[in-house]
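Colleague: Here it is: the structure, laid out below.
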Amino acid sequence: MGEKKYSIQKIIYIGVMAAIVCVITFFRFPLLGSKVHFANAMCLLSGLLLGGVPGGIATGLGSFLYDALFGGYDIIQCLITFVSKFAMAFVCAKIANVKIDREAKPVRIVIASVIGALTYVALYMLKTFIYQKFVYAYPMDAVGATMLSKLPASLINAVVAMIAAPIFYGALRPALKQVTARMTAH
C-alpha cells in the first residue's frame with residue numbers, strides 16, 4: 001500500500017490558505033489610479049509557509065475560486081489564473097527553500113518574494129499580450145498600449161506583495177512551527 005502524500009494537517013493548511021487568498025482578494029483600495037490588494041502577498045505567503053506544490057495549490061485554488069465565483073471570468077481565464085498564481089507561489093517557495101525544521105535566512109525570503117512576485121507580473125503580461133494579439137486580434141500598437149496601462153497596477157501590487165509577504169512570514173512561521181511540532185508529538 002502506498003504512502004499518503006499529504007497529511008490531513010497539510011490538506012487543512014492548503015484549504016485555509018486557499019480560503020484566505022480567495023477572501024483577501026475582495027479587499028482592495030485605490031492608490032495612484034490603481035487598486036492595491038494583499039492577495040499576491042498571501043499567494044507568496046502560501047508558498048513560503050506550505051512549500052512549492054502545496055502552496056501553489058492553495059494559491060491557485062483560492063485565486064481560481066475568486067475568479068470563478070466573484071470575478072465573472074470564463075473557465076479558461078480561471079485556469080490561467082490558477083496556473084499563474086500557482087507558479088508565483090511555487091517559484092517563491094523553491095527559491096526560499098524553507099523547511100519546518102530549518103530556518104531560512106531573511107534575505108533569501110525577500111529574494112524569493114521578489115522573484116515570485118515578478119514571475120506573476122511576467123505571466124500576467126504574457127497573458128495580456130496573448131489575449132490582445134491572438135484572441136482579440138488587436139494591432140500591436142493597441143496591444144502595447146494595453147500592456148503599458150496594466151503594468152503600473154501589476155508592479156504596485158508586486159511591490160506590496162514583496163514587502164508584505166516576508167513580514168507576514170516572519171510573524172506566522174514561529175506559530176506554525178510550534179503547532180506542527182505539537183501535532184506531530186501527539
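Order determines the names: the first chain of the C-alpha cells is A, the second B, and so forth; residues in each chain are numbered 1 upward, and ligands are numbered 1 upward as they are shown.
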Considering only C-alpha atoms, return as a PyMOL selection string whatever protein or nucleic-acid residues lie within 12 Å of stretch 153-155 of chain A, sequence-local ones (same chain, fewer than 5 positions apart) excluded.

Modeller: chain A and resi 28-37+39-40+114+117-125+128+147-148+160-162

Colleague: Can you list, as a PyMOL selection string, every protein, DNA or RNA residue that comes within 8 Å of A:Lys94 when you count only C-alpha atoms, leaving out same-chain residues fewer than 5 positions away?

Modeller: chain A and resi 51-52+112

Colleague: Pick out the closest residue to A:Phe26 from this set: A:Ser63, A:Ser149, A:Ser46, A:Ser7. Count only C-alpha atoms.

Modeller: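 That would be A:Ser63, the residue with the smallest distance to A:Phe26.
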
Colleague: Can you tell me which residues surround A:Leu79 at a distance of at most 10 Å, considering only C-alpha atoms, apart from same-chain residues fewer than 3 positions away, and format the answer as a VMD selection string?

Modeller: chain A and resid 60 to 61 63 to 64 67 to 68 73 to 76 82 to 85

Colleague: With a distance cut-off of 9 Å and only C-alpha atoms, select the neighbouring residues of A:Met17, excluding the residue or stretch itself and same-chain residues fewer than 6 positions from it, and output the selection as a PyMOL selection string.

Modeller: chain A and resi 42-43+45-46+55+58-59+62

Colleague: Take the residues that were just selected and, keeping N, CA and C atoms, output them as a compact mmCIF listing (two decimals), in the first residue's frame.

Modeller:
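File written: again29.txt
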```txt
# COMPACT_ATOMS: atom_id res chain seq x y z
N MET A 42 -0.52 37.15 -0.04
CA MET A 42 -1.00 35.88 0.53
C MET A 42 -0.57 34.71 -0.35
N CYS A 43 -0.50 34.94 -1.66
CA CYS A 43 -0.02 33.88 -2.56
C CYS A 43 1.43 33.55 -2.27
N LEU A 45 2.97 34.14 0.55
CA LEU A 45 2.97 33.56 1.89
C LEU A 45 2.60 32.08 1.86
N SER A 46 1.66 31.71 1.01
CA SER A 46 1.29 30.30 0.88
C SER A 46 2.49 29.47 0.47
N GLY A 55 1.72 25.01 -1.53
CA GLY A 55 1.48 26.46 -1.56
C GLY A 55 0.91 26.89 -2.89
N ALA A 58 -2.79 25.84 -2.99
CA ALA A 58 -3.61 26.75 -2.18
C ALA A 58 -3.82 28.08 -2.89
N THR A 59 -2.75 28.62 -3.43
CA THR A 59 -2.80 29.90 -4.12
C THR A 59 -3.64 29.81 -5.39
N GLY A 62 -7.41 29.20 -4.44
CA GLY A 62 -8.07 30.39 -3.89
C GLY A 62 -8.32 31.44 -4.95
```

Colleague: What does the distance between atom CA of A:Lys5 and atom CA of A:Tyr169 come to in Å, to one decimal place?

Modeller: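 One can read the atom CA of A:Lys5 to atom CA of A:Tyr169 distance as 24.4 Å.
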
Colleague: Rounded to one decimal in Å, what is the spacing between atom CA of A:Gly47 and atom CA of A:Val21?

Modeller: 11.8 Å
